[in-house]
file input_11.tsv (TSV, C-alpha atoms)
chain	number	residue	atom	x	y	z
A	1	MET	CA	-25.94	-122.77	217.37
A	2	GLN	CA	-26.52	-125.91	215.37
A	3	LYS	CA	-24.33	-128.03	213.16
A	4	ILE	CA	-24.93	-128.20	209.43
A	5	ASN	CA	-24.61	-131.50	207.59
A	6	LEU	CA	-23.65	-130.81	203.97
A	7	ASN	CA	-25.17	-133.98	202.50
A	8	GLN	CA	-28.40	-133.52	204.40
A	9	LYS	CA	-28.69	-129.97	203.06
A	10	LEU	CA	-27.84	-131.15	199.53
A	11	SER	CA	-30.73	-133.63	199.71
A	12	LEU	CA	-33.20	-130.74	200.05
A	13	PHE	CA	-32.95	-129.35	196.52
A	14	ASN	CA	-32.28	-130.65	193.02
A	15	GLU	CA	-31.91	-127.65	190.74
A	16	HIS	CA	-28.65	-127.19	188.88
A	17	TRP	CA	-26.88	-123.83	188.99
A	18	LYS	CA	-29.05	-122.55	191.82
A	19	PRO	CA	-26.90	-122.45	194.96
A	20	HIS	CA	-28.79	-122.43	198.25
A	21	ILE	CA	-27.61	-120.60	201.37
A	22	VAL	CA	-26.66	-122.86	204.28
A	23	GLY	CA	-24.81	-120.42	206.51
A	24	GLU	CA	-23.80	-116.81	206.99
A	25	LEU	CA	-20.80	-115.26	208.76
A	26	ASN	CA	-18.98	-111.96	208.65
A	27	GLY	CA	-21.08	-110.71	205.73
A	28	GLN	CA	-20.27	-113.82	203.69
A	29	TYR	CA	-22.58	-116.63	202.62
A	30	VAL	CA	-21.82	-120.32	202.64
A	31	LYS	CA	-23.78	-121.90	199.81
A	32	LEU	CA	-24.21	-125.36	198.36
A	33	GLY	CA	-24.70	-125.82	194.66
A	34	LYS	CA	-25.33	-128.63	192.20
A	35	PHE	CA	-23.51	-128.15	188.93
A	36	LYS	CA	-24.24	-129.93	185.67
A	37	GLY	CA	-23.30	-128.94	182.13
A	38	PRO	CA	-21.78	-125.57	181.27
A	39	PHE	CA	-22.50	-122.39	183.24
A	40	THR	CA	-22.23	-118.93	181.73
A	41	TRP	CA	-18.99	-116.96	181.34
A	42	HIS	CA	-18.92	-114.06	183.79
A	43	HIS	CA	-16.86	-112.21	186.38
A	44	HIS	CA	-17.51	-110.46	189.68
A	45	GLU	CA	-16.37	-106.86	189.95
A	46	ASN	CA	-15.88	-106.78	193.70
A	47	GLU	CA	-16.05	-110.31	195.03
A	48	ASP	CA	-13.60	-113.17	195.26
A	49	GLU	CA	-15.30	-116.55	195.12
A	50	LEU	CA	-14.34	-119.92	196.61
A	51	PHE	CA	-15.45	-123.30	195.20
A	52	LEU	CA	-14.85	-126.53	197.15
A	53	VAL	CA	-15.89	-129.87	195.66
A	54	VAL	CA	-17.99	-131.94	198.06
A	55	LYS	CA	-18.86	-134.71	195.57
A	56	GLY	CA	-17.98	-135.42	191.96
A	57	ARG	CA	-15.80	-133.10	189.92
A	58	PHE	CA	-16.04	-130.05	187.72
A	59	ARG	CA	-13.84	-128.03	185.43
A	60	MET	CA	-13.21	-124.34	185.96
A	61	ASP	CA	-12.56	-122.52	182.70
A	62	PHE	CA	-11.01	-119.10	183.11
A	63	ARG	CA	-9.06	-116.39	181.34
A	64	GLU	CA	-5.74	-115.37	182.82
A	65	ASP	CA	-3.11	-113.15	181.21
A	66	GLY	CA	-5.21	-113.09	178.06
A	67	LYS	CA	-5.16	-116.89	177.72
A	68	ASP	CA	-7.93	-119.44	178.12
A	69	ARG	CA	-7.11	-121.97	180.81
A	70	GLU	CA	-8.90	-124.76	182.63
A	71	VAL	CA	-8.48	-126.75	185.79
A	72	TRP	CA	-10.35	-129.88	186.90
A	73	LEU	CA	-11.36	-129.96	190.55
A	74	GLU	CA	-11.98	-133.24	192.32
A	75	GLU	CA	-13.48	-134.02	195.74
A	76	GLY	CA	-11.57	-132.26	198.51
A	77	GLU	CA	-10.12	-129.67	196.13
A	78	MET	CA	-10.94	-125.98	196.05
A	79	ILE	CA	-10.16	-122.92	193.99
A	80	ILE	CA	-10.42	-119.20	194.68
A	81	VAL	CA	-11.45	-117.07	191.71
A	82	PRO	CA	-10.26	-113.49	192.28
A	83	ARG	CA	-12.56	-110.58	191.52
A	84	GLY	CA	-12.37	-109.47	187.91
A	85	THR	CA	-11.40	-112.90	186.56
A	86	GLU	CA	-13.59	-114.23	183.75
A	87	HIS	CA	-14.64	-117.77	184.59
A	88	ARG	CA	-17.12	-120.51	183.76
A	89	PRO	CA	-17.67	-123.72	185.72
A	90	PHE	CA	-18.51	-126.84	183.70
A	91	ALA	CA	-19.51	-130.26	185.04
A	92	ASP	CA	-19.68	-133.36	182.84
A	93	THR	CA	-21.74	-135.17	185.48
A	94	GLU	CA	-23.55	-133.69	188.49
A	95	CYS	CA	-21.13	-132.16	190.96
A	96	HIS	CA	-21.83	-130.89	194.49
A	97	VAL	CA	-19.97	-127.75	195.46
A	98	LEU	CA	-19.61	-125.59	198.55
A	99	LEU	CA	-19.22	-121.87	197.83
A	100	PHE	CA	-17.97	-119.04	200.07
A	101	GLU	CA	-18.53	-115.53	198.88
A	102	PRO	CA	-19.79	-112.14	200.02
A	103	ALA	CA	-23.53	-111.92	200.60
A	104	SER	CA	-23.65	-109.32	197.81
A	105	THR	CA	-22.53	-111.80	195.12
A	106	LEU	CA	-24.83	-112.37	192.15
A	107	ASN	CA	-24.26	-115.86	190.72
A	108	THR	CA	-23.75	-114.60	187.16
A	109	GLY	CA	-21.72	-111.55	188.18
A	110	ASN	CA	-21.67	-108.94	185.42
A	111	VAL	CA	-24.00	-110.96	183.19
A	112	GLU	CA	-27.76	-111.30	183.39
A	113	ASN	CA	-29.33	-114.24	181.57
A	114	GLU	CA	-31.28	-117.46	182.10
A	115	PHE	CA	-28.77	-118.59	184.75
A	116	THR	CA	-29.24	-115.50	186.92
A	117	VAL	CA	-30.78	-116.16	190.35
A	118	LYS	CA	-31.79	-112.97	192.16
A	119	GLU	CA	-33.70	-114.45	195.08
A	120	LEU	CA	-31.51	-116.93	196.89
A	121	GLU	CA	-33.16	-119.65	198.92
A	122	ARG	CA	-31.99	-121.09	202.22
A	123	VAL	CA	-32.03	-124.74	203.14
B	1	MET	CA	-5.07	-119.26	189.86
B	2	GLN	CA	-4.34	-122.75	191.12
B	3	LYS	CA	-6.43	-125.38	192.79
B	4	ILE	CA	-5.79	-126.32	196.41
B	5	ASN	CA	-5.96	-129.97	197.49
B	6	LEU	CA	-6.94	-130.11	201.17
B	7	ASN	CA	-5.27	-133.46	201.92
B	8	GLN	CA	-2.06	-132.45	200.18
B	9	LYS	CA	-1.94	-129.26	202.27
B	10	LEU	CA	-2.70	-131.22	205.44
B	11	SER	CA	0.29	-133.46	204.75
B	12	LEU	CA	2.63	-130.46	205.05
B	13	PHE	CA	2.33	-129.89	208.79
B	14	ASN	CA	1.74	-131.94	211.92
B	15	GLU	CA	1.24	-129.53	214.80
B	16	HIS	CA	-2.04	-129.64	216.69
B	17	TRP	CA	-3.95	-126.42	217.32
B	18	LYS	CA	-1.86	-124.47	214.84
B	19	PRO	CA	-4.01	-123.78	211.78
B	20	HIS	CA	-2.15	-122.96	208.57
B	21	ILE	CA	-3.42	-120.55	205.93
B	22	VAL	CA	-4.28	-122.17	202.59
B	23	GLY	CA	-6.25	-119.38	200.95
B	24	GLU	CA	-7.44	-115.80	201.25
B	25	LEU	CA	-10.49	-114.05	199.85
B	26	ASN	CA	-12.48	-110.93	200.66
B	27	GLY	CA	-10.42	-110.25	203.77
B	28	GLN	CA	-11.07	-113.75	205.09
B	29	TYR	CA	-8.65	-116.62	205.54
B	30	VAL	CA	-9.24	-120.25	204.72
B	31	LYS	CA	-7.18	-122.33	207.15
B	32	LEU	CA	-6.59	-125.99	207.81
B	33	GLY	CA	-6.06	-127.23	211.34
B	34	LYS	CA	-5.29	-130.47	213.13
B	35	PHE	CA	-7.12	-130.81	216.42
B	36	LYS	CA	-6.29	-133.21	219.21
B	37	GLY	CA	-7.26	-133.06	222.87
B	38	PRO	CA	-8.92	-130.02	224.45
B	39	PHE	CA	-8.34	-126.47	223.21
B	40	THR	CA	-8.76	-123.44	225.46
B	41	TRP	CA	-12.08	-121.75	226.25
B	42	HIS	CA	-12.30	-118.38	224.47
B	43	HIS	CA	-14.46	-116.12	222.34
B	44	HIS	CA	-13.90	-113.67	219.50
B	45	GLU	CA	-15.21	-110.15	220.02
B	46	ASN	CA	-15.73	-109.28	216.38
B	47	GLU	CA	-15.41	-112.41	214.31
B	48	ASP	CA	-17.72	-115.27	213.44
B	49	GLU	CA	-15.86	-118.51	212.85
B	50	LEU	CA	-16.66	-121.51	210.66
B	51	PHE	CA	-15.40	-125.06	211.31
B	52	LEU	CA	-15.87	-127.81	208.70
B	53	VAL	CA	-14.68	-131.36	209.44
B	54	VAL	CA	-12.51	-132.75	206.64
B	55	LYS	CA	-11.50	-135.96	208.47
B	56	GLY	CA	-12.32	-137.47	211.86
B	57	ARG	CA	-14.61	-135.78	214.34
B	58	PHE	CA	-14.48	-133.26	217.14
B	59	ARG	CA	-16.75	-131.89	219.81
B	60	MET	CA	-17.55	-128.19	220.10
B	61	ASP	CA	-18.25	-127.17	223.68
B	62	PHE	CA	-19.97	-123.80	224.00
B	63	ARG	CA	-22.03	-121.64	226.31
B	64	GLU	CA	-25.39	-120.46	225.07
B	65	ASP	CA	-28.10	-118.75	227.13
B	66	GLY	CA	-25.97	-119.30	230.23
B	67	LYS	CA	-25.87	-123.09	229.73
B	68	ASP	CA	-22.99	-125.35	228.80
B	69	ARG	CA	-23.71	-127.27	225.62
B	70	GLU	CA	-21.81	-129.51	223.24
B	71	VAL	CA	-22.16	-130.79	219.72
B	72	TRP	CA	-20.17	-133.52	217.98
B	73	LEU	CA	-19.17	-132.76	214.40
B	74	GLU	CA	-18.43	-135.55	211.94
B	75	GLU	CA	-16.90	-135.50	208.45
B	76	GLY	CA	-18.90	-133.27	206.12
B	77	GLU	CA	-20.45	-131.33	208.99
B	78	MET	CA	-19.81	-127.71	209.88
B	79	ILE	CA	-20.71	-125.19	212.54
B	80	ILE	CA	-20.63	-121.41	212.68
B	81	VAL	CA	-19.67	-119.92	216.05
B	82	PRO	CA	-21.04	-116.38	216.27
B	83	ARG	CA	-18.86	-113.58	217.65
B	84	GLY	CA	-19.08	-113.31	221.42
B	85	THR	CA	-19.88	-116.98	221.99
B	86	GLU	CA	-17.61	-118.80	224.45
B	87	HIS	CA	-16.41	-122.02	222.87
B	88	ARG	CA	-13.81	-124.77	223.09
B	89	PRO	CA	-13.12	-127.44	220.49
B	90	PHE	CA	-12.15	-130.89	221.77
B	91	ALA	CA	-11.00	-133.89	219.73
B	92	ASP	CA	-10.67	-137.38	221.21
B	93	THR	CA	-8.55	-138.47	218.23
B	94	GLU	CA	-6.83	-136.29	215.64
B	95	CYS	CA	-9.33	-134.37	213.55
B	96	HIS	CA	-8.69	-132.34	210.39
B	97	VAL	CA	-10.71	-129.15	210.10
B	98	LEU	CA	-11.18	-126.38	207.56
B	99	LEU	CA	-11.70	-122.95	209.11
B	100	PHE	CA	-13.06	-119.84	207.50
B	101	GLU	CA	-12.74	-116.56	209.39
B	102	PRO	CA	-11.63	-112.94	209.03
B	103	ALA	CA	-7.89	-112.44	208.55
B	104	SER	CA	-7.89	-110.50	211.84
B	105	THR	CA	-8.87	-113.55	213.91
B	106	LEU	CA	-6.52	-114.66	216.70
B	107	ASN	CA	-6.93	-118.39	217.35
B	108	THR	CA	-7.47	-117.96	221.09
B	109	GLY	CA	-9.64	-114.82	220.74
B	110	ASN	CA	-9.79	-112.91	224.03
B	111	VAL	CA	-7.36	-115.26	225.76
B	112	GLU	CA	-3.59	-115.40	225.51
B	113	ASN	CA	-1.88	-118.58	226.64
B	114	GLU	CA	0.22	-121.51	225.43
B	115	PHE	CA	-2.26	-122.15	222.59
B	116	THR	CA	-1.95	-118.65	221.14
B	117	VAL	CA	-0.40	-118.47	217.66
B	118	LYS	CA	0.45	-114.93	216.59
B	119	GLU	CA	2.42	-115.66	213.44
B	120	LEU	CA	0.32	-117.77	211.12
B	121	GLU	CA	2.10	-119.90	208.55
B	122	ARG	CA	0.99	-120.64	205.02
B	123	VAL	CA	1.17	-124.02	203.32

call {"tool": "encode", "arguments": {"input": "input_11.tsv", "output": "structure tokens"}}
result
Amino acid sequence: MQKINLNQKLSLFNEHWKPHIVGELNGQYVKLGKFKGPFTWHHHENEDELFLVVKGRFRMDFREDGKDREVWLEEGEMIIVPRGTEHRPFADTECHVLLFEPASTLNTGNVENEFTVKELERV
Amino acid sequence: MQKINLNQKLSLFNEHWKPHIVGELNGQYVKLGKFKGPFTWHHHENEDELFLVVKGRFRMDFREDGKDREVWLEEGEMIIVPRGTEHRPFADTECHVLLFEPASTLNTGNVENEFTVKELERV
């Protein structure tokens, strides 16, 4: 049983949009990601997804009740995206994010494209 | 779908050792707690538990391989306590902590005493 320092883990990789696993509990992964630019629109059929800003800020674009919406998330702020909700994170400058989600979650959900990461790495 | 500001939520309650629910996903709760002093020794039969320090620091005492151990956790550090592991958080000064654990988790696990909180509140 060892503690995990988020900034130390974040120093171990540089890729954008490629979250790395830093912990596992109750069938869920804790991941750290570096966001920059726009991600791809997608949704997850069966998984709710949590995003917590560790450093910087990003905008979550999403569709709710048939309308396009957006919310900016700053350090110390989080959002839970329910399963089925179309969403797309966007970061104007690099943003460090902690994610909680089921181990089964594919980063691009129902979409498969250049952003898709099938083999997650651990740091 | 609304963002959740951890510090704003933390400003809404003052009790120590009484985590409040701030989010729910995939059958898990996200809680915020204020720790001060020693908690009670306990374990959870079926739940792994995550502690992430938002402000301050605390010490996690635990028993592993029959030995008593401890680890200090500072801001931006987290620890995952696996099910079955005896543990006791201790904070020398007030510490703000984010917890992530199954909705079924009782704060004192296998123990019932003055620290036990059966009716969780949301903020």

call {"tool": "residues_around", "arguments": {"input": "input_11.tsv", "residues": "Phe51 (chain A)", "least_positions_apart": "6", "cutoff": "10 Å", "atoms": "only C-alpha atoms", "output": "NGL selection string"}}
result
(:A and (31-33 or 60 or 73 or 77-81 or 89 or 96-101)) or (:B and (3))

call {"tool": "write_last_selection", "arguments": {"input": "input_11.tsv", "atoms": "C-alpha atoms", "output": "short mmCIF file (atom, residue, chain, number, x, y, z; two decimals), in the frame of the given file"}}
result
data_model
loop_
_atom_site.label_atom_id
_atom_site.label_comp_id
_atom_site.auth_asym_id
_atom_site.auth_seq_id
_atom_site.Cartn_x
_atom_site.Cartn_y
_atom_site.Cartn_z
CA LYS A 31 -23.78 -121.90 199.81
CA LEU A 32 -24.21 -125.36 198.36
CA GLY A 33 -24.70 -125.82 194.66
CA MET A 60 -13.21 -124.34 185.96
CA LEU A 73 -11.36 -129.96 190.55
CA GLU A 77 -10.12 -129.67 196.13
CA MET A 78 -10.94 -125.98 196.05
CA ILE A 79 -10.16 -122.92 193.99
CA ILE A 80 -10.42 -119.20 194.68
CA VAL A 81 -11.45 -117.07 191.71
CA PRO A 89 -17.67 -123.72 185.72
CA HIS A 96 -21.83 -130.89 194.49
CA VAL A 97 -19.97 -127.75 195.46
CA LEU A 98 -19.61 -125.59 198.55
CA LEU A 99 -19.22 -121.87 197.83
CA PHE A 100 -17.97 -119.04 200.07
CA GLU A 101 -18.53 -115.53 198.88
CA LYS B 3 -6.43 -125.38 192.79
#

call {"tool": "interface_residues", "arguments": {"input": "input_11.tsv", "of": "chain A", "to": "chain B", "cutoff": "10 Å", "atoms": "all atoms listed in the file", "output": "short mmCIF file (atom, residue, chain, number, x, y, z; two decimals) with C-alpha atoms, keeping the file's coordinate frame"}}
result
data_model
loop_
_atom_site.label_atom_id
_atom_site.label_comp_id
_atom_site.auth_asym_id
_atom_site.auth_seq_id
_atom_site.Cartn_x
_atom_site.Cartn_y
_atom_site.Cartn_z
CA MET A 1 -25.94 -122.77 217.37
CA GLN A 2 -26.52 -125.91 215.37
CA LYS A 3 -24.33 -128.03 213.16
CA ILE A 4 -24.93 -128.20 209.43
CA ASN A 5 -24.61 -131.50 207.59
CA LEU A 6 -23.65 -130.81 203.97
CA ASN A 7 -25.17 -133.98 202.50
CA GLN A 8 -28.40 -133.52 204.40
CA GLY A 23 -24.81 -120.42 206.51
CA GLU A 24 -23.80 -116.81 206.99
CA LEU A 25 -20.80 -115.26 208.76
CA ASN A 26 -18.98 -111.96 208.65
CA GLY A 27 -21.08 -110.71 205.73
CA GLN A 28 -20.27 -113.82 203.69
CA VAL A 30 -21.82 -120.32 202.64
CA ASN A 46 -15.88 -106.78 193.70
CA GLU A 47 -16.05 -110.31 195.03
CA ASP A 48 -13.60 -113.17 195.26
CA GLU A 49 -15.30 -116.55 195.12
CA LEU A 50 -14.34 -119.92 196.61
CA PHE A 51 -15.45 -123.30 195.20
CA LEU A 52 -14.85 -126.53 197.15
CA VAL A 54 -17.99 -131.94 198.06
CA MET A 60 -13.21 -124.34 185.96
CA PHE A 62 -11.01 -119.10 183.11
CA ARG A 63 -9.06 -116.39 181.34
CA GLU A 64 -5.74 -115.37 182.82
CA ARG A 69 -7.11 -121.97 180.81
CA GLU A 70 -8.90 -124.76 182.63
CA VAL A 71 -8.48 -126.75 185.79
CA TRP A 72 -10.35 -129.88 186.90
CA LEU A 73 -11.36 -129.96 190.55
CA GLU A 74 -11.98 -133.24 192.32
CA GLU A 75 -13.48 -134.02 195.74
CA GLY A 76 -11.57 -132.26 198.51
CA GLU A 77 -10.12 -129.67 196.13
CA MET A 78 -10.94 -125.98 196.05
CA ILE A 79 -10.16 -122.92 193.99
CA ILE A 80 -10.42 -119.20 194.68
CA VAL A 81 -11.45 -117.07 191.71
CA PRO A 82 -10.26 -113.49 192.28
CA ARG A 83 -12.56 -110.58 191.52
CA THR A 85 -11.40 -112.90 186.56
CA PHE A 100 -17.97 -119.04 200.07
CA GLU A 101 -18.53 -115.53 198.88
CA PRO A 102 -19.79 -112.14 200.02
#

call {"tool": "closest_residue", "arguments": {"input": "input_11.tsv", "among": "A:Thr116, A:Ala103, A:Gly109, A:Phe58", "to": "Tyr29 (chain A)", "atoms": "all atoms listed in the file"}}
result
A:Ala103

call {"tool": "residues_around", "arguments": {"input": "input_11.tsv", "residues": "Val123 (chain A)", "least_positions_apart": "3", "cutoff": "7 Å", "atoms": "only C-alpha atoms", "output": "NGL selection string"}}
result
:A and (9 or 12 or 20-22)

call {"tool": "axis_aligned_box", "arguments": {"input": "input_11.tsv", "around": "region 117-121 of chain A", "padding_each_side": "8 Å", "output": "AutoDock Vina command-line options"}}
result
--center_x -32.2 --center_y -116.3 --center_z 194.6 --size_x 18.9 --size_y 22.7 --size_z 24.6

call {"tool": "atom_distance", "arguments": {"input": "input_11.tsv", "atom1": "CA of Gly66 (chain B)", "atom2": "CA of Asn107 (chain B)"}}
result
23.0 Å

call {"tool": "residues_around", "arguments": {"input": "input_11.tsv", "residues": "Pro38 (chain A)", "least_positions_apart": "3", "cutoff": "12 Å", "atoms": "only C-alpha atoms", "output": "list in words"}}
result
His16, Trp17, Lys34, Phe35, Trp41, Phe58, Arg59, Met60, Asp61, His87, Arg88, Pro89, Phe90, Ala91, Asp92, Thr93, Glu94, Cys95 and Phe115 of chain A

call {"tool": "write_last_selection", "arguments": {"input": "input_11.tsv", "atoms": "C-alpha atoms", "output": "mmCIF file, in the coordinates of the input"}}
result
data_model
loop_
_atom_site.group_PDB
_atom_site.id
_atom_site.type_symbol
_atom_site.label_atom_id
_atom_site.label_comp_id
_atom_site.auth_asym_id
_atom_site.auth_seq_id
_atom_site.Cartn_x
_atom_site.Cartn_y
_atom_site.Cartn_z
ATOM 1 C CA HIS A 16 -28.650 -127.190 188.880
ATOM 2 C CA TRP A 17 -26.880 -123.830 188.990
ATOM 3 C CA LYS A 34 -25.330 -128.630 192.200
ATOM 4 C CA PHE A 35 -23.510 -128.150 188.930
ATOM 5 C CA TRP A 41 -18.990 -116.960 181.340
ATOM 6 C CA PHE A 58 -16.040 -130.050 187.720
ATOM 7 C CA ARG A 59 -13.840 -128.030 185.430
ATOM 8 C CA MET A 60 -13.210 -124.340 185.960
ATOM 9 C CA ASP A 61 -12.560 -122.520 182.700
ATOM 10 C CA HIS A 87 -14.640 -117.770 184.590
ATOM 11 C CA ARG A 88 -17.120 -120.510 183.760
ATOM 12 C CA PRO A 89 -17.670 -123.720 185.720
ATOM 13 C CA PHE A 90 -18.510 -126.840 183.700
ATOM 14 C CA ALA A 91 -19.510 -130.260 185.040
ATOM 15 C CA ASP A 92 -19.680 -133.360 182.840
ATOM 16 C CA THR A 93 -21.740 -135.170 185.480
ATOM 17 C CA GLU A 94 -23.550 -133.690 188.490
ATOM 18 C CA CYS A 95 -21.130 -132.160 190.960
ATOM 19 C CA PHE A 115 -28.770 -118.590 184.750
#

call {"tool": "residues_around", "arguments": {"input": "input_11.tsv", "residues": "Glu112 (chain B)", "least_positions_apart": "4", "cutoff": "12 Å", "atoms": "all atoms listed in the file", "output": "list in words"}}
result
Thr40, Trp41, His42, His43, Leu106, Asn107, Thr108, Thr116, Val117 and Lys118 of chain B

call {"tool": "atom_distance", "arguments": {"input": "input_11.tsv", "atom1": "CA of Pro19 (chain A)", "atom2": "CA of Leu120 (chain A)"}}
result
7.4 Å

call {"tool": "atom_distance", "arguments": {"input": "input_11.tsv", "atom1": "CA of Glu121 (chain B)", "atom2": "CA of Glu15 (chain B)"}}
result
11.5 Å
